[in-house]
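Novice: Please find one structure pasted underneath; my questions will follow.
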Amino acid sequence: MARRIDVTGKGGVRLAAWEFGDPPKTDPAKEPDGTPGVLLLHGLMGRASHWASTARWLSERHRAVALDQRGHGRSGKPTQAAFTRDAYVDDAEAALEQLALAPAVLIGHAMGALTAWQLAAKRPDLVHGVIICDMRASALGSASQREWADWFRSWPVPFATLADVRKWFGEDDPWVERPSAARGEFYAEVMHECEDGWRPVFEPDQMLNSRETWVFDAHWEELAQVRCPALVVRGLDGELGRAEAQEMVRVLPRGEYAEVADAGHLVHYDQPEGWRAAIEPFLDAVRSAGDAGRL
């Protein structure tokens with residue numbers, strides 16, 4: 001089951017957080033073994049429900065909460081809201097504090113991973129560990145932003161049915177290198193039914209505004225400031241190359257590396273079993289280290 005909890009983000013933006021577990025773990029501080037809470041942060045265009053599979057097995061041992069970030073899912077999408085890096089990081093900080101999760105493990109995919117390591121660098125007291133899933137630390141540049149703008153314009157919205165959504169993103173999208181049912185399902189999850197058909201739950205312009213706040217800059221310096229244990233995970237066919245991933249591990253003071261076979265950018269969605277096998281030992285080690293520190 002998932003229980004919605006409202007969080008107030010930077011500038012008063014309403015954020016929807018989703019706690020997974022049956023029954024939910026209401027207060028991690030009251031857990032007998034002090035197991036850290038986990039905050040899951042989706043990537044650009046994603047939503048909290050993309051973490052459902054991961055959050056459910058995490059909830060067996062942790063208080064697992066996934067956040068719909070500003071402009072995404074069921075969180076607020078006010079036209080006047082800021083979509084800066086500081087806004088996303090401050091929202092995650094507010095979620096940790098208002099949900100009483102800290103010190104927590106942050107698990108982030110793509111943009112959510114960048115938010116996770118920026119928050120870990122800013123507020124080490126709130127973060128027990130970080131898992132970085134398929135996010136580059138290098139600058140991507142203006143050409144990348146133009147490609148994304150062109151890609152959004154290529155979407156044949158509105159889609160007549162969810163089956164059309166799955167087919168286009170899983171097979172017909174020019175960005176698809178080979179058919180991917182998981183990719184089709186991923187994008188079907190971010191559509192909602194309107195009077196004229198199925199459209200994304202987000203505003204593409206807000207996604208581009210969010211993206212342009214990080215693509216022109218490199219983020220190596222912030223990686224070097226992450227003092228807690230950190231795991232860099234990549235899919236073998238993802239956007240984060242092996243050489244860059246290993247350099248990220250080298251830069252991180254307590255970095256580790258894992259990769260998932262037969263996975264693309266949507267690692268946790270493509271290969272949920274491989275994803276679990278990659279991150280569970282790290283989570284166990286972080287938990288054990290916390291236990292040792294309390295003895």
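Every chain in the structure tokens takes a letter, A first, then B, and so on in the order presented; its residues are numbered from 1, and the ligands are numbered from 1 following the presented order.
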Can you tell me, as a PyMOL selection string, what residues are no more than 8 Å from Cys133 of chain A when counting only C-alpha atoms, ignoring any on the same chain fewer than 3 positions away?

Specialist: chain A and resi 107-110+113+232-234+267

Novice: Any chance you could export the current selection's N, CA, C and O atoms as a PDB file, in the first residue's frame?

Specialist:
ATOM      1  N   ILE A 107      17.988   7.796  -2.496  1.00  0.00           N
ATOM      2  CA  ILE A 107      18.133   7.029  -3.725  1.00  0.00           C
ATOM      3  C   ILE A 107      17.554   7.870  -4.847  1.00  0.00           C
ATOM      4  O   ILE A 107      16.372   8.206  -4.839  1.00  0.00           O
ATOM      5  N   GLY A 108      18.397   8.234  -5.812  1.00  0.00           N
ATOM      6  CA  GLY A 108      17.942   9.104  -6.880  1.00  0.00           C
ATOM      7  C   GLY A 108      18.259   8.550  -8.252  1.00  0.00           C
ATOM      8  O   GLY A 108      19.307   7.943  -8.468  1.00  0.00           O
ATOM      9  N   HIS A 109      17.333   8.777  -9.166  1.00  0.00           N
ATOM     10  CA  HIS A 109      17.537   8.399 -10.560  1.00  0.00           C
ATOM     11  C   HIS A 109      17.684   9.668 -11.394  1.00  0.00           C
ATOM     12  O   HIS A 109      16.875  10.589 -11.274  1.00  0.00           O
ATOM     13  N   ALA A 110      18.727   9.729 -12.215  1.00  0.00           N
ATOM     14  CA  ALA A 110      18.947  10.842 -13.135  1.00  0.00           C
ATOM     15  C   ALA A 110      18.886  12.176 -12.380  1.00  0.00           C
ATOM     16  O   ALA A 110      19.665  12.384 -11.463  1.00  0.00           O
ATOM     17  N   ALA A 113      19.030  11.897  -8.781  1.00  0.00           N
ATOM     18  CA  ALA A 113      20.342  11.548  -8.237  1.00  0.00           C
ATOM     19  C   ALA A 113      21.186  12.798  -8.022  1.00  0.00           C
ATOM     20  O   ALA A 113      21.901  12.911  -7.017  1.00  0.00           O
ATOM     21  N   VAL A 232      27.466   4.484  -6.994  1.00  0.00           N
ATOM     22  CA  VAL A 232      27.148   4.908  -8.358  1.00  0.00           C
ATOM     23  C   VAL A 232      26.729   3.673  -9.143  1.00  0.00           C
ATOM     24  O   VAL A 232      27.494   2.714  -9.267  1.00  0.00           O
ATOM     25  N   VAL A 233      25.497   3.700  -9.674  1.00  0.00           N
ATOM     26  CA  VAL A 233      24.945   2.555 -10.404  1.00  0.00           C
ATOM     27  C   VAL A 233      24.662   2.983 -11.841  1.00  0.00           C
ATOM     28  O   VAL A 233      24.073   4.042 -12.074  1.00  0.00           O
ATOM     29  N   ARG A 234      25.055   2.154 -12.781  1.00  0.00           N
ATOM     30  CA  ARG A 234      24.740   2.436 -14.186  1.00  0.00           C
ATOM     31  C   ARG A 234      24.195   1.190 -14.864  1.00  0.00           C
ATOM     32  O   ARG A 234      24.539   0.059 -14.504  1.00  0.00           O
ATOM     33  N   VAL A 267      17.164   2.079 -15.230  1.00  0.00           N
ATOM     34  CA  VAL A 267      17.733   0.869 -14.637  1.00  0.00           C
ATOM     35  C   VAL A 267      16.745   0.155 -13.720  1.00  0.00           C
ATOM     36  O   VAL A 267      16.499  -1.047 -13.853  1.00  0.00           O
TER      37      VAL A 267
END

Novice: Need to verify the contact set: segment 278-283 of chain A, 8 Å, only C-alpha atoms, exclusion of same-chain residues closer than 3 positions in sequence. Can you return it as an NGL selection string?

Specialist: :A and (131 or 231 or 233 or 258-260 or 274-275 or 286-287)

Novice: Create the file for the chosen residues now, containing N, CA, C and O atoms and written as a PDB file, in the first residue's frame.

Specialist:
ATOM      1  N   ILE A 131      22.556   6.764  -3.140  1.00  0.00           N
ATOM      2  CA  ILE A 131      22.649   5.887  -4.309  1.00  0.00           C
ATOM      3  C   ILE A 131      22.344   6.730  -5.535  1.00  0.00           C
ATOM      4  O   ILE A 131      21.257   7.324  -5.645  1.00  0.00           O
ATOM      5  N   LEU A 231      26.978   5.119  -3.639  1.00  0.00           N
ATOM      6  CA  LEU A 231      27.040   4.064  -4.646  1.00  0.00           C
ATOM      7  C   LEU A 231      26.613   4.638  -5.983  1.00  0.00           C
ATOM      8  O   LEU A 231      25.528   5.200  -6.118  1.00  0.00           O
ATOM      9  N   VAL A 233      25.497   3.700  -9.674  1.00  0.00           N
ATOM     10  CA  VAL A 233      24.945   2.555 -10.404  1.00  0.00           C
ATOM     11  C   VAL A 233      24.662   2.983 -11.841  1.00  0.00           C
ATOM     12  O   VAL A 233      24.073   4.042 -12.074  1.00  0.00           O
ATOM     13  N   ALA A 258      28.610   0.003  -9.115  1.00  0.00           N
ATOM     14  CA  ALA A 258      27.859  -1.195  -9.496  1.00  0.00           C
ATOM     15  C   ALA A 258      27.244  -0.959 -10.865  1.00  0.00           C
ATOM     16  O   ALA A 258      26.951   0.186 -11.241  1.00  0.00           O
ATOM     17  N   GLU A 259      27.078  -2.016 -11.625  1.00  0.00           N
ATOM     18  CA  GLU A 259      26.402  -1.891 -12.908  1.00  0.00           C
ATOM     19  C   GLU A 259      25.408  -3.033 -13.076  1.00  0.00           C
ATOM     20  O   GLU A 259      25.555  -4.105 -12.466  1.00  0.00           O
ATOM     21  N   VAL A 260      24.399  -2.779 -13.892  1.00  0.00           N
ATOM     22  CA  VAL A 260      23.310  -3.733 -14.076  1.00  0.00           C
ATOM     23  C   VAL A 260      23.258  -4.140 -15.543  1.00  0.00           C
ATOM     24  O   VAL A 260      23.114  -3.287 -16.428  1.00  0.00           O
ATOM     25  N   GLY A 274      17.875  -7.106 -11.087  1.00  0.00           N
ATOM     26  CA  GLY A 274      19.280  -6.729 -11.155  1.00  0.00           C
ATOM     27  C   GLY A 274      19.566  -5.468 -10.363  1.00  0.00           C
ATOM     28  O   GLY A 274      20.617  -5.340  -9.729  1.00  0.00           O
ATOM     29  N   TRP A 275      18.640  -4.532 -10.397  1.00  0.00           N
ATOM     30  CA  TRP A 275      18.756  -3.299  -9.620  1.00  0.00           C
ATOM     31  C   TRP A 275      18.801  -3.605  -8.122  1.00  0.00           C
ATOM     32  O   TRP A 275      19.665  -3.104  -7.408  1.00  0.00           O
ATOM     33  N   VAL A 286      25.472   0.111   4.849  1.00  0.00           N
ATOM     34  CA  VAL A 286      25.179   1.402   5.478  1.00  0.00           C
ATOM     35  C   VAL A 286      24.415   1.190   6.778  1.00  0.00           C
ATOM     36  O   VAL A 286      24.690   1.828   7.800  1.00  0.00           O
ATOM     37  N   ARG A 287      23.464   0.273   6.743  1.00  0.00           N
ATOM     38  CA  ARG A 287      22.692  -0.042   7.948  1.00  0.00           C
ATOM     39  C   ARG A 287      23.586  -0.626   9.045  1.00  0.00           C
ATOM     40  O   ARG A 287      23.494  -0.235  10.213  1.00  0.00           O
TER      41      ARG A 287
END

Novice: Which residue out of A:Val165, A:Val249, A:Met135, A:Val7 has the minimum interatomic distance to Gly76 of chain A when only C-alpha atoms are used?

Specialist: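 The answer is A:Val7, which sits nearest to Gly76 of chain A.
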
Novice: Running DSSP on the backbone, which parts of segment 3-197 of chain A land in strand (DSSP E or B), as a PyMOL selection string?

Specialist: chain A and resi 3-8+14-20+37-41+64-68+104-109+127-133+159+191-194+197

Novice: When you count only C-alpha atoms, which of these residues is closest to Ala64 of chain A: A:Ala92, A:Ala224, A:Ala82, A:Leu106?

Specialist: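 Answer, going by the shortest atom-to-atom distance: A:Leu106.
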
Novice: Return as a tab-separated table the residues of segment 204-244 of chain A lying at most 12 Å from segment 77-80 of chain A, together with the closest atom-to-atom pair for each and the distance in Å to one decimal, counting only C-alpha atoms, with rows in chain order and ascending residue number.

Specialist:
residue	atom	partner	partner_atom	distance
A:Pro204	CA	A:Lys77	CA	11.3
A:Asp205	CA	A:Thr79	CA	10.0
A:Gln206	CA	A:Thr79	CA	8.3
A:Met207	CA	A:Lys77	CA	10.7
A:Asn209	CA	A:Thr79	CA	11.2

Novice: Could you go through segment 34-123 of chain A and tell me which residues DSSP, when run on the backbone, assigns to helix (DSSP H, G or I), listing them as a PyMOL selection string?

Specialist: chain A and resi 48-58+85-98+111-122

Novice: So that I have them on file, write out the residues from the current selection with N, CA and C atoms, as an mmCIF file, in the first residue's frame.

Specialist:
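Now in selection-v8.cif:
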data_model
loop_
_atom_site.group_PDB
_atom_site.id
_atom_site.type_symbol
_atom_site.label_atom_id
_atom_site.label_comp_id
_atom_site.auth_asym_id
_atom_site.auth_seq_id
_atom_site.Cartn_x
_atom_site.Cartn_y
_atom_site.Cartn_z
ATOM 1 N N ALA A 48 6.686 9.531 -8.361
ATOM 2 C CA ALA A 48 6.967 8.651 -7.232
ATOM 3 C C ALA A 48 6.594 7.207 -7.521
ATOM 4 N N SER A 49 5.512 6.996 -8.260
ATOM 5 C CA SER A 49 5.049 5.630 -8.511
ATOM 6 C C SER A 49 6.033 4.802 -9.315
ATOM 7 N N HIS A 50 6.969 5.447 -10.004
ATOM 8 C CA HIS A 50 8.008 4.688 -10.705
ATOM 9 C C HIS A 50 8.887 3.901 -9.736
ATOM 10 N N TRP A 51 8.870 4.300 -8.461
ATOM 11 C CA TRP A 51 9.668 3.625 -7.442
ATOM 12 C C TRP A 51 8.890 2.542 -6.708
ATOM 13 N N ALA A 52 7.646 2.276 -7.099
ATOM 14 C CA ALA A 52 6.788 1.392 -6.308
ATOM 15 C C ALA A 52 7.435 0.037 -6.040
ATOM 16 N N SER A 53 7.991 -0.595 -7.061
ATOM 17 C CA SER A 53 8.596 -1.916 -6.872
ATOM 18 C C SER A 53 9.757 -1.855 -5.885
ATOM 19 N N THR A 54 10.640 -0.874 -6.061
ATOM 20 C CA THR A 54 11.775 -0.713 -5.147
ATOM 21 C C THR A 54 11.299 -0.397 -3.735
ATOM 22 N N ALA A 55 10.343 0.527 -3.624
ATOM 23 C CA ALA A 55 9.891 0.958 -2.302
ATOM 24 C C ALA A 55 9.229 -0.171 -1.534
ATOM 25 N N ARG A 56 8.558 -1.073 -2.229
ATOM 26 C CA ARG A 56 7.853 -2.152 -1.520
ATOM 27 C C ARG A 56 8.832 -3.116 -0.857
ATOM 28 N N TRP A 57 9.916 -3.483 -1.553
ATOM 29 C CA TRP A 57 10.851 -4.378 -0.870
ATOM 30 C C TRP A 57 11.688 -3.621 0.153
ATOM 31 N N LEU A 58 11.939 -2.335 -0.099
ATOM 32 C CA LEU A 58 12.634 -1.546 0.910
ATOM 33 C C LEU A 58 11.826 -1.450 2.198
ATOM 34 N N ARG A 85 17.936 24.395 -9.407
ATOM 35 C CA ARG A 85 18.567 23.339 -8.608
ATOM 36 C C ARG A 85 18.318 23.577 -7.129
ATOM 37 N N ASP A 86 18.455 24.830 -6.689
ATOM 38 C CA ASP A 86 18.244 25.125 -5.271
ATOM 39 C C ASP A 86 16.828 24.755 -4.842
ATOM 40 N N ALA A 87 15.847 24.996 -5.715
ATOM 41 C CA ALA A 87 14.466 24.684 -5.362
ATOM 42 C C ALA A 87 14.276 23.187 -5.177
ATOM 43 N N TYR A 88 14.813 22.387 -6.088
ATOM 44 C CA TYR A 88 14.676 20.934 -5.973
ATOM 45 C C TYR A 88 15.392 20.407 -4.731
ATOM 46 N N VAL A 89 16.585 20.935 -4.464
ATOM 47 C CA VAL A 89 17.344 20.484 -3.293
ATOM 48 C C VAL A 89 16.636 20.901 -2.008
ATOM 49 N N ASP A 90 16.147 22.121 -1.973
ATOM 50 C CA ASP A 90 15.436 22.589 -0.782
ATOM 51 C C ASP A 90 14.151 21.796 -0.556
ATOM 52 N N ASP A 91 13.475 21.402 -1.637
ATOM 53 C CA ASP A 91 12.276 20.568 -1.493
ATOM 54 C C ASP A 91 12.614 19.234 -0.835
ATOM 55 N N ALA A 92 13.695 18.597 -1.295
ATOM 56 C CA ALA A 92 14.093 17.304 -0.721
ATOM 57 C C ALA A 92 14.488 17.470 0.746
ATOM 58 N N GLU A 93 15.167 18.556 1.051
ATOM 59 C CA GLU A 93 15.533 18.854 2.446
ATOM 60 C C GLU A 93 14.277 19.020 3.298
ATOM 61 N N ALA A 94 13.294 19.751 2.773
ATOM 62 C CA ALA A 94 12.043 19.941 3.500
ATOM 63 C C ALA A 94 11.324 18.616 3.713
ATOM 64 N N ALA A 95 11.354 17.752 2.703
ATOM 65 C CA ALA A 95 10.696 16.448 2.828
ATOM 66 C C ALA A 95 11.346 15.629 3.937
ATOM 67 N N LEU A 96 12.674 15.586 3.985
ATOM 68 C CA LEU A 96 13.358 14.829 5.027
ATOM 69 C C LEU A 96 12.959 15.330 6.410
ATOM 70 N N GLU A 97 12.907 16.642 6.563
ATOM 71 C CA GLU A 97 12.624 17.212 7.875
ATOM 72 C C GLU A 97 11.157 17.058 8.252
ATOM 73 N N GLN A 98 10.250 17.338 7.329
ATOM 74 C CA GLN A 98 8.822 17.268 7.648
ATOM 75 C C GLN A 98 8.336 15.834 7.815
ATOM 76 N N MET A 111 17.980 13.089 -12.747
ATOM 77 C CA MET A 111 17.891 14.369 -12.066
ATOM 78 C C MET A 111 17.749 14.188 -10.559
ATOM 79 N N GLY A 112 16.991 13.185 -10.131
ATOM 80 C CA GLY A 112 16.828 12.930 -8.706
ATOM 81 C C GLY A 112 18.134 12.547 -8.035
ATOM 82 N N ALA A 113 19.030 11.897 -8.781
ATOM 83 C CA ALA A 113 20.342 11.548 -8.237
ATOM 84 C C ALA A 113 21.186 12.798 -8.022
ATOM 85 N N LEU A 114 21.111 13.732 -8.961
ATOM 86 C CA LEU A 114 21.831 14.994 -8.792
ATOM 87 C C LEU A 114 21.309 15.733 -7.564
ATOM 88 N N THR A 115 20.000 15.774 -7.410
ATOM 89 C CA THR A 115 19.422 16.390 -6.213
ATOM 90 C C THR A 115 19.938 15.704 -4.955
ATOM 91 N N ALA A 116 20.023 14.377 -4.988
ATOM 92 C CA ALA A 116 20.471 13.620 -3.819
ATOM 93 C C ALA A 116 21.895 13.984 -3.442
ATOM 94 N N TRP A 117 22.808 14.015 -4.412
ATOM 95 C CA TRP A 117 24.198 14.284 -4.001
ATOM 96 C C TRP A 117 24.412 15.761 -3.690
ATOM 97 N N GLN A 118 23.620 16.656 -4.293
ATOM 98 C CA GLN A 118 23.737 18.066 -3.913
ATOM 99 C C GLN A 118 23.233 18.288 -2.484
ATOM 100 N N LEU A 119 22.161 17.589 -2.106
ATOM 101 C CA LEU A 119 21.664 17.713 -0.738
ATOM 102 C C LEU A 119 22.645 17.091 0.250
ATOM 103 N N ALA A 120 23.232 15.954 -0.119
ATOM 104 C CA ALA A 120 24.217 15.317 0.767
ATOM 105 C C ALA A 120 25.412 16.232 1.003
ATOM 106 N N ALA A 121 25.815 16.968 -0.033
ATOM 107 C CA ALA A 121 26.925 17.906 0.111
ATOM 108 C C ALA A 121 26.528 19.098 0.975
ATOM 109 N N LYS A 122 25.284 19.548 0.825
ATOM 110 C CA LYS A 122 24.808 20.728 1.552
ATOM 111 C C LYS A 122 24.490 20.428 3.011
#

Novice: Compile the contact shell of Ala102 of chain A as a list in words: residues with an atom at most 7 Å away, counting only C-alpha atoms, same-chain residues fewer than 6 positions apart removed.

Specialist: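 Once the adjacent positions are removed, what remains is Gly37, Leu96, Leu126 and Val127 of chain A.
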
Novice: Extract, using only C-alpha atoms, all DNA, RNA and protein residues at most 7 Å from Met191 of chain A, discarding same-chain residues fewer than 6 positions from it, and format them as a PyMOL selection string.

Specialist: chain A and resi 198-201

Novice: Could those residues be written to a file, using all heavy atoms, as an mmCIF file, in the first residue's frame?

Specialist:
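Result written to result.cif:
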data_model
loop_
_atom_site.group_PDB
_atom_site.id
_atom_site.type_symbol
_atom_site.label_atom_id
_atom_site.label_comp_id
_atom_site.auth_asym_id
_atom_site.auth_seq_id
_atom_site.Cartn_x
_atom_site.Cartn_y
_atom_site.Cartn_z
ATOM 1 N N TRP A 198 -4.864 11.347 -24.188
ATOM 2 C CA TRP A 198 -3.896 11.182 -23.102
ATOM 3 C C TRP A 198 -2.725 12.143 -23.286
ATOM 4 O O TRP A 198 -2.095 12.185 -24.345
ATOM 5 C CB TRP A 198 -3.402 9.740 -23.062
ATOM 6 C CG TRP A 198 -4.473 8.781 -22.648
ATOM 7 C CD1 TRP A 198 -5.435 8.227 -23.451
ATOM 8 C CD2 TRP A 198 -4.722 8.298 -21.327
ATOM 9 N NE1 TRP A 198 -6.268 7.420 -22.710
ATOM 10 C CE2 TRP A 198 -5.856 7.432 -21.407
ATOM 11 C CE3 TRP A 198 -4.109 8.480 -20.096
ATOM 12 C CZ2 TRP A 198 -6.371 6.773 -20.296
ATOM 13 C CZ3 TRP A 198 -4.613 7.829 -18.989
ATOM 14 C CH2 TRP A 198 -5.736 6.992 -19.088
ATOM 15 N N ARG A 199 -2.446 12.898 -22.240
ATOM 16 C CA ARG A 199 -1.368 13.890 -22.250
ATOM 17 C C ARG A 199 -0.498 13.707 -21.001
ATOM 18 O O ARG A 199 -0.942 13.134 -20.013
ATOM 19 C CB ARG A 199 -1.945 15.312 -22.267
ATOM 20 C CG ARG A 199 -2.696 15.651 -23.543
ATOM 21 C CD ARG A 199 -3.275 17.065 -23.499
ATOM 22 N NE ARG A 199 -3.948 17.429 -24.742
ATOM 23 C CZ ARG A 199 -3.332 17.966 -25.790
ATOM 24 N NH1 ARG A 199 -2.022 18.218 -25.719
ATOM 25 N NH2 ARG A 199 -4.003 18.273 -26.876
ATOM 26 N N PRO A 200 0.737 14.225 -21.038
ATOM 27 C CA PRO A 200 1.596 14.089 -19.854
ATOM 28 C C PRO A 200 1.059 14.869 -18.667
ATOM 29 O O PRO A 200 0.407 15.906 -18.822
ATOM 30 C CB PRO A 200 2.949 14.648 -20.331
ATOM 31 C CG PRO A 200 2.621 15.514 -21.497
ATOM 32 C CD PRO A 200 1.430 14.893 -22.158
ATOM 33 N N VAL A 201 1.348 14.358 -17.463
ATOM 34 C CA VAL A 201 0.906 15.033 -16.244
ATOM 35 C C VAL A 201 1.770 16.251 -15.928
ATOM 36 O O VAL A 201 1.453 17.015 -15.019
ATOM 37 C CB VAL A 201 0.930 14.065 -15.035
ATOM 38 C CG1 VAL A 201 -0.032 12.917 -15.258
ATOM 39 C CG2 VAL A 201 2.336 13.553 -14.759
#

Novice: Ranking A:Ala243, A:Ala261, A:Met45, A:Val190 by minimum distance to Leu162 of chain A and counting only C-alpha atoms, which one comes first?

Specialist: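 Residue with the minimum atom-to-atom distance to Leu162 of chain A: A:Val190.
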
Novice: Which one of A:Thr8, A:Pro253, A:Ala285, A:Met1 sits closest to Glu222 of chain A if you count only C-alpha atoms?

Specialist: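 Answer, going by the shortest atom-to-atom distance: A:Pro253.
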
Novice: Using only C-alpha atoms for the distances, tell me which of A:Met248, A:Ala181, A:Ser138, A:Tyr187 is nearest to Phe216 of chain A.

Specialist: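 Distance minimum relative to Phe216 of chain A lands on A:Ser138.
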
Novice: Using atom CA of Glu203 of chain A and atom CA of Phe169 of chain A as the two end points, give the distance in Å to one decimal.

Specialist: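 These two atoms are separated by 17.6 Å.
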